[in-house]
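Shown here: input_30.txt, compact mmCIF, C-alpha atoms and all ligand atoms.
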```
# COMPACT_ATOMS: atom_id res chain seq x y z
CA MET A 1 -4.25 10.91 -18.21
CA LYS A 2 -3.29 10.54 -14.55
CA ARG A 3 0.37 9.77 -13.96
CA VAL A 4 0.92 7.38 -11.06
CA GLY A 5 4.41 6.67 -9.75
CA VAL A 6 4.97 3.08 -8.65
CA CYS A 7 7.87 2.67 -6.28
CA ALA A 8 10.05 0.12 -8.10
CA VAL A 9 12.95 -0.53 -5.72
CA GLN A 10 11.70 -3.96 -4.54
CA GLY A 11 8.59 -6.13 -4.56
CA ALA A 12 5.39 -6.39 -6.59
CA PHE A 13 5.63 -3.18 -8.65
CA ALA A 14 5.20 -4.71 -12.13
CA GLU A 15 1.71 -5.97 -11.21
CA HIS A 16 0.60 -2.49 -10.10
CA ARG A 17 1.92 -0.97 -13.32
CA ALA A 18 0.00 -3.50 -15.42
CA MET A 19 -3.20 -2.86 -13.47
CA LEU A 20 -2.85 0.93 -13.80
CA GLU A 21 -2.32 0.70 -17.53
CA ARG A 22 -5.33 -1.56 -17.86
CA ILE A 23 -7.58 1.03 -16.22
CA GLY A 24 -6.29 3.92 -18.27
CA ALA A 25 -3.64 5.55 -16.08
CA GLU A 26 0.00 6.16 -16.89
CA ALA A 27 2.34 4.15 -14.64
CA ALA A 28 5.86 5.44 -13.97
CA GLY A 29 8.43 3.26 -12.17
CA ILE A 30 10.25 5.13 -9.41
CA ARG A 31 13.90 4.17 -8.94
CA GLY A 32 15.56 7.52 -8.36
CA ARG A 33 14.81 11.11 -7.40
CA ALA A 34 14.42 12.26 -11.02
CA ASP A 35 11.44 9.89 -11.39
CA LEU A 36 9.45 11.80 -8.76
CA LYS A 37 8.62 14.73 -11.04
CA GLY A 38 5.11 15.37 -12.29
CA LEU A 39 3.27 12.66 -10.36
CA ASP A 40 -0.46 12.79 -9.62
CA ALA A 41 -0.24 9.90 -7.15
CA LEU A 42 2.12 7.29 -5.74
CA ILE A 43 1.87 3.54 -5.07
CA LEU A 44 4.04 1.77 -2.49
CA PRO A 45 3.81 -1.92 -3.47
CA GLY A 46 4.03 -5.09 -1.44
CA GLY A 47 7.30 -6.89 -0.88
CA GLU A 48 9.54 -6.67 2.15
CA SER A 49 9.14 -3.50 4.18
CA THR A 50 12.55 -3.64 5.88
CA ALA A 51 14.35 -3.99 2.54
CA GLN A 52 12.20 -1.30 0.95
CA GLY A 53 12.76 1.15 3.80
CA LYS A 54 16.51 0.61 3.55
CA LEU A 55 16.61 0.99 -0.24
CA LEU A 56 14.44 4.12 -0.20
CA ARG A 57 16.89 5.74 2.20
CA GLU A 58 19.96 4.61 0.26
CA LEU A 59 18.55 5.88 -3.03
CA GLY A 60 17.67 9.28 -1.58
CA LEU A 61 13.97 8.67 -2.18
CA PHE A 62 12.83 8.58 1.41
CA GLU A 63 12.85 12.28 2.26
CA PRO A 64 11.30 13.61 -0.94
CA MET A 65 8.56 10.95 -0.77
CA GLU A 66 7.93 11.75 2.89
CA ARG A 67 7.46 15.42 1.95
CA MET A 68 5.18 14.62 -1.00
CA ILE A 69 2.96 12.45 1.21
CA ALA A 70 2.84 15.14 3.92
CA ASP A 71 1.93 17.70 1.24
CA GLY A 72 -1.12 15.63 0.28
CA LEU A 73 -0.08 13.55 -2.73
CA PRO A 74 -2.52 10.61 -2.97
CA VAL A 75 -0.63 7.48 -1.93
CA TYR A 76 -1.68 3.83 -1.88
CA GLY A 77 0.33 1.35 0.19
CA THR A 78 -0.19 -2.37 -0.39
CA CYS A 79 0.96 -4.80 2.30
CA ALA A 80 4.63 -3.82 2.84
CA GLY A 81 3.65 -0.36 1.57
CA MET A 82 1.04 -0.21 4.33
CA ILE A 83 3.76 -1.01 6.88
CA LEU A 84 5.88 1.85 5.47
CA LEU A 85 2.98 4.30 5.95
CA ALA A 86 1.97 3.17 9.47
CA LYS A 87 2.71 5.36 12.48
CA ASN A 88 3.15 2.27 14.66
CA ILE A 89 4.40 -1.23 13.95
CA GLU A 90 3.49 -3.58 16.78
CA ASN A 91 6.25 -6.12 16.29
CA ASP A 92 9.07 -4.10 14.73
CA GLY A 93 11.23 -1.35 16.23
CA ARG A 94 11.67 0.34 12.86
CA ARG A 95 9.49 3.20 11.61
CA HIS A 96 9.36 4.50 8.05
CA PHE A 97 7.06 7.27 6.77
CA ALA A 98 4.98 6.99 9.95
CA ALA A 99 2.35 9.16 8.25
CA MET A 100 -0.91 7.29 8.81
CA ASP A 101 -2.56 6.95 12.21
CA ILE A 102 -2.67 3.15 12.27
CA THR A 103 -0.89 0.39 14.17
CA VAL A 104 -0.01 -2.65 12.09
CA ARG A 105 1.18 -6.12 12.89
CA ARG A 106 3.70 -7.54 10.42
CA ASN A 107 3.13 -11.10 9.22
CA GLY A 108 -0.08 -10.95 11.21
CA TYR A 109 -1.39 -14.25 9.80
CA GLY A 110 1.87 -16.13 10.34
CA ARG A 111 4.99 -16.16 8.24
CA GLN A 112 4.86 -19.42 6.30
CA LEU A 113 1.24 -20.41 5.99
CA GLY A 114 -0.07 -16.88 6.17
CA SER A 115 -1.10 -16.68 2.50
CA PHE A 116 -4.68 -17.15 1.30
CA ILE A 117 -7.32 -15.60 -0.93
CA ALA A 118 -10.52 -14.16 0.48
CA ARG A 119 -13.49 -12.34 -0.99
CA GLY A 120 -14.93 -9.53 1.01
CA GLU A 121 -16.36 -6.08 1.12
CA PHE A 122 -14.15 -3.08 0.34
CA ALA A 123 -15.56 0.45 0.66
CA GLY A 124 -19.08 -0.95 0.27
CA MET A 125 -18.21 -2.97 -2.85
CA LYS A 126 -19.06 -6.65 -2.56
CA ARG A 127 -16.99 -9.76 -3.13
CA VAL A 128 -13.72 -7.99 -3.88
CA GLU A 129 -10.91 -10.48 -4.47
CA MET A 130 -8.27 -10.22 -1.73
CA PRO A 131 -5.04 -12.20 -1.89
CA PHE A 132 -3.17 -12.07 1.41
CA ILE A 133 0.55 -12.82 1.08
CA ARG A 134 2.35 -12.93 4.45
CA ALA A 135 0.18 -9.94 5.12
CA PRO A 136 0.07 -7.53 8.01
CA TYR A 137 -3.22 -6.43 9.54
CA ILE A 138 -4.25 -3.19 11.22
CA SER A 139 -4.62 -3.70 14.96
CA ALA A 140 -5.62 -0.13 15.80
CA ALA A 141 -6.80 2.91 13.85
CA GLY A 142 -7.07 6.54 14.97
CA ASP A 143 -10.25 8.62 14.93
CA GLY A 144 -9.47 10.17 11.55
CA VAL A 145 -9.10 6.80 9.86
CA GLU A 146 -11.93 5.32 7.81
CA VAL A 147 -12.05 1.51 7.91
CA LEU A 148 -12.74 0.20 4.38
CA SER A 149 -12.45 -3.54 4.87
CA GLU A 150 -12.29 -6.17 7.57
CA HIS A 151 -11.51 -9.86 7.42
CA GLU A 152 -12.56 -12.07 10.34
CA GLY A 153 -12.74 -9.12 12.67
CA LEU A 154 -9.37 -7.61 11.73
CA ILE A 155 -8.99 -4.37 9.77
CA THR A 156 -7.45 -5.03 6.36
CA ALA A 157 -8.00 -1.77 4.45
CA ALA A 158 -8.32 1.84 5.51
CA ARG A 159 -8.08 5.42 4.40
CA GLU A 160 -6.92 8.61 6.09
CA LYS A 161 -6.99 11.83 4.05
CA ASN A 162 -4.73 11.26 1.00
CA MET A 163 -3.59 7.82 2.18
CA LEU A 164 -5.10 4.45 1.24
CA VAL A 165 -3.78 1.12 2.51
CA THR A 166 -4.70 -2.52 1.96
CA ALA A 167 -3.18 -5.54 3.69
CA PHE A 168 -4.06 -7.56 0.58
CA HIS A 169 -2.87 -7.45 -3.03
CA PRO A 170 -5.60 -6.51 -5.55
CA GLU A 171 -2.92 -5.92 -8.22
CA VAL A 172 -2.40 -9.67 -8.67
CA THR A 173 -6.10 -10.24 -9.44
CA GLY A 174 -8.35 -9.26 -12.31
CA ASP A 175 -10.42 -7.16 -9.91
CA GLU A 176 -9.84 -3.50 -10.78
CA ARG A 177 -12.09 -1.94 -8.18
CA VAL A 178 -9.53 -1.04 -5.51
CA HIS A 179 -7.29 0.68 -8.07
CA ARG A 180 -10.28 2.51 -9.53
CA TYR A 181 -11.17 3.68 -6.01
CA PHE A 182 -7.60 4.95 -5.62
CA LEU A 183 -7.67 6.82 -8.96
CA ALA A 184 -10.88 8.49 -7.79
CA MET A 185 -8.92 9.91 -4.81
CA ILE A 186 -6.75 11.98 -7.18
N1 LIG B 201 5.61 -9.58 5.36
C1 LIG B 201 6.09 -8.47 4.58
C2 LIG B 201 6.71 -7.38 5.47
O1 LIG B 201 6.58 -7.43 6.65
C3 LIG B 201 4.97 -7.88 3.76
C4 LIG B 201 4.44 -8.91 2.80
C5 LIG B 201 3.92 -8.35 1.52
O2 LIG B 201 4.12 -7.18 1.18
N2 LIG B 201 3.32 -9.21 0.72
O3 LIG B 201 7.34 -6.51 4.96
```

Take the structure I supplied and represent it as structure tokens, if you would.
Ligand code: GLN
Amino acid sequence: MKRVGVCAVQGAFAEHRAMLERIGAEAAGIRGRADLKGLDALILPGGESTAQGKLLRELGLFEPMERMIADGLPVYGTCAGMILLAKNIENDGRRHFAAMDITVRRNGYGRQLGSFIARGEFAGMKRVEMPFIRAPYISAAGDGVEVLSEHEGLITAAREKNMLVTAFHPEVTGDERVHRYFLAMI
């Protein structure tokens, strides 16, 4: 069974764990350095990227995770997790893992009313359920980045090497396809 670490310092980690268990993977909550052993993959959930970045540093998780991602561990960042992985953040001076060659815009759909559910194509799969919750979008992607989904002309999911990101939250839906795609990256 594949063992997937779900960063559990803040945000929507419980939903990812439930989804992983439903599709036959083992989900391990990550709260401290000892939890990072023996992982086949890592999920950075949605929530609040500034708070998550701060907590990861305070808990001593930031550097080991940064190394694991650079060494090729499959990682999936949802929403705030996508912001943590982005090399550039258009409207924020902070940088976190800065590992993926994308530029993101935080709260790209507006802060208050920026939540909605769409159905769209993801990696060639049709009518995937896509809840956007104060979501960022990807405003630019480097040559090595594969665009996996777009919503109204804006990039909302992408992959580069071992890194997958979605601006939306498939873990709060019954649609397992994005998580299955991620497990197939392991
Ligand atoms: N708006 C949040 C941020 O900038 C992300 C929202 C989410 O993860 N649902 O960190």

(message) I'd like to know which of A:Gly29, A:Gly72, A:Gly38, A:Pro170 is closest to ligand LIG 201 (chain B), using only C-alpha atoms and all ligand atoms.
(response) A:Pro170

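Shell of A:Leu113 at 12 Å, with only C-alpha atoms counted and residues fewer than 5 places along the chain excluded, is Asn107, Gly108, Phe132, Ile133, Arg134 and Ala135 of chain A.
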
(message) Nearest residue to ligand LIG 201 (chain B) out of A:Ala27, A:Val104, A:Met125, A:Leu154, using only C-alpha atoms and all ligand atoms?
(response) A:Val104

(request) May I have the residues within 12 Å of A:Met19 as JSON, numbers by chain, using all atoms listed in the file and disregarding those fewer than 6 positions away in the same chain? (result) {"A": [4, 6, 12, 13, 25, 26, 27, 43, 169, 170, 171, 172, 173, 174, 175, 176, 177, 178, 179, 180, 182, 183]}

(request) Counting only C-alpha atoms, figure out which residue out of A:Gly144, A:His16, A:Leu61, A:His151 gets nearest to A:Arg127. (result) A:His151

(request) Give as an MDAnalysis selection string the residues surrounding ligand LIG 201 (chain B) up to a distance of 9 Å, considering only C-alpha atoms and all ligand atoms. (result) chainID A and resid 11:12 45:52 78:84 105:108 111 115 132:136 167:169

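With all atoms listed in the file as the atoms that count, the minimum distance from A:Gly53 to the choices A:Gln10, A:Ser139, A:Ser149, A:Thr166 is reached by A:Gln10.
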
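Nearest to A:Gly5 of all the residues A:Tyr76, A:Phe97, A:Tyr181, A:Phe62 is A:Tyr76, counting all atoms listed in the file.
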